[in-house]
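Visitor: Before we start, here is the structure in question, set down as structure tokens.
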Amino acid sequence: MSHGNEGSEGTALLWQEEGPPVPLVGADAARLADPGSTNDDGPGAGAGRALASADEFSAERMLRPAADVPARGWRRSVYQMTGGVVHVGPSATELRHRELVARVKAPIAGCRKIAFISRKGGVGKTTTCLLAGHTFASLRGDRVIALDGNPDAGTLGHRIRRETSATVASLLSGADRITRYADIRGYTSQAGSRLEVVAADDDPTITQALGESEFRRAIDLLERHYNLLCLDTGTGVLESASRGILDAADQVVVITAPSLDGARAASSTLDWLDRNGYENLVAGAVAVLNTIRGSNGALDLDRVEQHFGERCRACVRIPWDPYLDSGAEAELAGLRAESRSAYLELAAAIADGFSNTTEGRS
């Protein structure tokens, strides 16, 4: 008669009537240790064991991790020349770029409306609105649109390839027939970045007739079909159209040129907003210091940037770029690398405010 007994580390010993004990290992030892189990093909097969399933076939478990390939520069050249054997890894600049892109892609709940404002003309307000919109549209997967809210025949619509002659006025006149995104798409022009634009009318008598209520209607219509609205305003924050845009805005971007009077005008714009019920917009504002060719070397730009950095949530300096001097159509690809990086910094600073829920007047 045989008797089972456990040995060390899960090995079972089988005592026989004659001869020394014979060690049992593996499945035989497991069955002896668990009398309730049967052979592998019987009813108890697999009891107590985790069964494999299709859930194991996830990308994290089954795919080899992709190499963190450098995107540019000598690191990428070395990686390619050695077939990936020598992998230096991304530079600090590349890591910073990835961080900014991640911030630009911050999720939006509903629709966010960003007003680009300035009380002084010629400071690059429309260009800033356009290129910030290009940056958002090229990196995000949702819908981004720029609306020309300048009542003095704004030029935003001329800065991209026009696909339609439709304008803000025609958008409003056809509002009753717009129920889907496909309907509203007929009133917009789309750039290669996927940024869409609603142009202003070339006739200033038409655009000047559009006031606060008309632009509020236009914004209400657009926010039902887009996730991010970039709103280009006129140079007067006291104008009816600008008030309608400010009341609807979640954030403002105030633009100034590198001049003493330009910086003073931008700061006084923030003063006016503070005194007229827009304190929340000032607290979350982003300032843009647009440097231009022939900037006054006597002006301490670091001091100007410090001033707006203390008044606003963020301040971004944009370098002069000869590509923008013509005032023609503008795409990110035409910019110098440092200019593209600056607009990426600006978009990231704006996106940092997407989690805030403050709107318009406090």
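Residue names in the structure tokens use chain letters A, B, ... in the order shown, residue numbers from 1 in each chain, and ligand numbers from 1 in the order shown.
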To test your reading of the structure, identify every residue in stretch 148-201 of chain A that backbone DSSP assigns to helix (DSSP H, G or I), and report it as a VMD selection string.
Guide: chain A and resid 156 to 159 168 to 173 175 to 177 181 to 187
Visitor: In terms of the shortest atom-to-atom distance over only C-alpha atoms, which of A:Leu299, A:Ala175, A:Ser355, A:Leu130 is closest to A:Asp261?
Guide: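 Selected residue with least distance to A:Asp261: A:Leu299.
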Visitor: Within 12 Å of A:Ala109, counting only C-alpha atoms, which residues qualify if same-chain residues fewer than 4 places away don't, as a list in words?
Guide: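 Neighbouring residues, sequence-local ones excluded: Lys113, Asp142, Glu223, Tyr226, Asn227, Leu228, Gly353, Phe354, Ser355, Asn356 and Thr357 of chain A.
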Visitor: Using only C-alpha atoms for the distances, tell me which of A:Gly110, A:Thr167, A:Thr235, A:Asn280 is nearest to A:Cys312.
Guide: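 Ranking A:Gly110, A:Thr167, A:Thr235, A:Asn280 by distance to A:Cys312, first place goes to A:Asn280.
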Visitor: List the neighbours of stretch 151-164 of chain A out to 9 Å using only C-alpha atoms; skip same-chain residues closer than 5 positions along the sequence, and give me the result as number ranges by chain.
Guide: A: 126-127, 129-130, 146, 186-191, 197-211, 232-234, 239, 241-242, 327-331
Visitor: Quick check for you: according to DSSP on this backbone, which residues of stretch 91-253 of chain A are classed as strand (DSSP E)? Reply as a ChimeraX atom specification.
Guide: /A:112-117,144-149,189-190,196-198,228-233,251-253
Visitor: Generate the output file for the selected residues, N, CA and C atoms, as a PDB file, in the first residue's frame.
Guide:
ATOM      1  N   ARG A 112     -14.277  76.654 -26.263  1.00  0.00           N
ATOM      2  CA  ARG A 112     -13.529  77.761 -25.660  1.00  0.00           C
ATOM      3  C   ARG A 112     -13.399  78.875 -26.686  1.00  0.00           C
ATOM      4  N   LYS A 113     -13.570  80.119 -26.219  1.00  0.00           N
ATOM      5  CA  LYS A 113     -13.552  81.288 -27.096  1.00  0.00           C
ATOM      6  C   LYS A 113     -12.448  82.242 -26.647  1.00  0.00           C
ATOM      7  N   ILE A 114     -11.490  82.491 -27.542  1.00  0.00           N
ATOM      8  CA  ILE A 114     -10.322  83.298 -27.238  1.00  0.00           C
ATOM      9  C   ILE A 114     -10.389  84.580 -28.049  1.00  0.00           C
ATOM     10  N   ALA A 115     -10.431  85.733 -27.384  1.00  0.00           N
ATOM     11  CA  ALA A 115     -10.472  87.021 -28.072  1.00  0.00           C
ATOM     12  C   ALA A 115      -9.066  87.611 -28.135  1.00  0.00           C
ATOM     13  N   PHE A 116      -8.655  88.031 -29.318  1.00  0.00           N
ATOM     14  CA  PHE A 116      -7.360  88.675 -29.532  1.00  0.00           C
ATOM     15  C   PHE A 116      -7.622  90.175 -29.653  1.00  0.00           C
ATOM     16  N   ILE A 117      -7.055  90.953 -28.734  1.00  0.00           N
ATOM     17  CA  ILE A 117      -7.424  92.361 -28.638  1.00  0.00           C
ATOM     18  C   ILE A 117      -6.194  93.263 -28.638  1.00  0.00           C
ATOM     19  N   VAL A 144     -11.316  73.803 -35.103  1.00  0.00           N
ATOM     20  CA  VAL A 144     -10.835  75.120 -34.710  1.00  0.00           C
ATOM     21  C   VAL A 144     -11.210  76.116 -35.799  1.00  0.00           C
ATOM     22  N   ILE A 145     -11.756  77.264 -35.403  1.00  0.00           N
ATOM     23  CA  ILE A 145     -12.175  78.274 -36.369  1.00  0.00           C
ATOM     24  C   ILE A 145     -11.783  79.657 -35.877  1.00  0.00           C
ATOM     25  N   ALA A 146     -11.478  80.554 -36.812  1.00  0.00           N
ATOM     26  CA  ALA A 146     -11.180  81.951 -36.496  1.00  0.00           C
ATOM     27  C   ALA A 146     -12.264  82.815 -37.125  1.00  0.00           C
ATOM     28  N   LEU A 147     -12.784  83.747 -36.359  1.00  0.00           N
ATOM     29  CA  LEU A 147     -13.849  84.641 -36.805  1.00  0.00           C
ATOM     30  C   LEU A 147     -13.303  86.057 -36.881  1.00  0.00           C
ATOM     31  N   ASP A 148     -13.484  86.708 -38.013  1.00  0.00           N
ATOM     32  CA  ASP A 148     -13.055  88.103 -38.157  1.00  0.00           C
ATOM     33  C   ASP A 148     -14.132  88.999 -37.564  1.00  0.00           C
ATOM     34  N   GLY A 149     -13.835  89.539 -36.393  1.00  0.00           N
ATOM     35  CA  GLY A 149     -14.783  90.410 -35.707  1.00  0.00           C
ATOM     36  C   GLY A 149     -14.404  91.869 -35.790  1.00  0.00           C
ATOM     37  N   SER A 189     -13.645  79.097 -45.006  1.00  0.00           N
ATOM     38  CA  SER A 189     -12.496  78.681 -45.810  1.00  0.00           C
ATOM     39  C   SER A 189     -11.546  77.921 -44.898  1.00  0.00           C
ATOM     40  N   GLN A 190     -10.976  76.839 -45.403  1.00  0.00           N
ATOM     41  CA  GLN A 190     -10.111  76.001 -44.570  1.00  0.00           C
ATOM     42  C   GLN A 190      -8.686  76.009 -45.116  1.00  0.00           C
ATOM     43  N   GLU A 196     -10.211  76.791 -39.917  1.00  0.00           N
ATOM     44  CA  GLU A 196     -11.253  77.401 -40.736  1.00  0.00           C
ATOM     45  C   GLU A 196     -11.398  78.870 -40.357  1.00  0.00           C
ATOM     46  N   VAL A 197     -11.823  79.667 -41.323  1.00  0.00           N
ATOM     47  CA  VAL A 197     -11.947  81.113 -41.110  1.00  0.00           C
ATOM     48  C   VAL A 197     -13.285  81.591 -41.656  1.00  0.00           C
ATOM     49  N   VAL A 198     -13.949  82.432 -40.875  1.00  0.00           N
ATOM     50  CA  VAL A 198     -15.111  83.174 -41.366  1.00  0.00           C
ATOM     51  C   VAL A 198     -14.647  84.600 -41.608  1.00  0.00           C
ATOM     52  N   LEU A 228     -13.004  75.216 -30.555  1.00  0.00           N
ATOM     53  CA  LEU A 228     -12.156  76.354 -30.218  1.00  0.00           C
ATOM     54  C   LEU A 228     -12.399  77.480 -31.211  1.00  0.00           C
ATOM     55  N   LEU A 229     -12.735  78.670 -30.682  1.00  0.00           N
ATOM     56  CA  LEU A 229     -12.970  79.850 -31.499  1.00  0.00           C
ATOM     57  C   LEU A 229     -11.894  80.879 -31.211  1.00  0.00           C
ATOM     58  N   CYS A 230     -11.170  81.307 -32.261  1.00  0.00           N
ATOM     59  CA  CYS A 230     -10.215  82.408 -32.156  1.00  0.00           C
ATOM     60  C   CYS A 230     -10.908  83.640 -32.733  1.00  0.00           C
ATOM     61  N   LEU A 231     -11.079  84.681 -31.912  1.00  0.00           N
ATOM     62  CA  LEU A 231     -11.898  85.829 -32.276  1.00  0.00           C
ATOM     63  C   LEU A 231     -11.012  87.050 -32.477  1.00  0.00           C
ATOM     64  N   ASP A 232     -10.894  87.498 -33.723  1.00  0.00           N
ATOM     65  CA  ASP A 232     -10.119  88.687 -34.046  1.00  0.00           C
ATOM     66  C   ASP A 232     -11.012  89.907 -33.890  1.00  0.00           C
ATOM     67  N   THR A 233     -10.594  90.869 -33.100  1.00  0.00           N
ATOM     68  CA  THR A 233     -11.412  92.045 -32.818  1.00  0.00           C
ATOM     69  C   THR A 233     -10.855  93.266 -33.541  1.00  0.00           C
ATOM     70  N   GLN A 251     -11.299  83.782 -22.648  1.00  0.00           N
ATOM     71  CA  GLN A 251      -9.944  84.277 -22.428  1.00  0.00           C
ATOM     72  C   GLN A 251      -9.664  85.415 -23.398  1.00  0.00           C
ATOM     73  N   VAL A 252      -8.695  86.268 -23.036  1.00  0.00           N
ATOM     74  CA  VAL A 252      -8.234  87.297 -23.958  1.00  0.00           C
ATOM     75  C   VAL A 252      -6.723  87.183 -24.131  1.00  0.00           C
ATOM     76  N   VAL A 253      -6.277  87.506 -25.337  1.00  0.00           N
ATOM     77  CA  VAL A 253      -4.860  87.635 -25.644  1.00  0.00           C
ATOM     78  C   VAL A 253      -4.653  89.089 -26.048  1.00  0.00           C
TER      79      VAL A 253
END
Visitor: Interatomic distance between atom CA of A:Leu221 and atom CA of A:Arg313?
Guide: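 Taking atom CA of A:Leu221 as the start and atom CA of A:Arg313 as the end point, the length is 29.1 Å.
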Visitor: Which residues, written as number ranges by chain, have at least one atom at most 10 Å from stretch 302-304 of chain A, with only C-alpha atoms counted and residues fewer than 5 positions away on the same chain left out?
Guide: A: 256, 258-260, 263-264, 289, 309, 315, 317
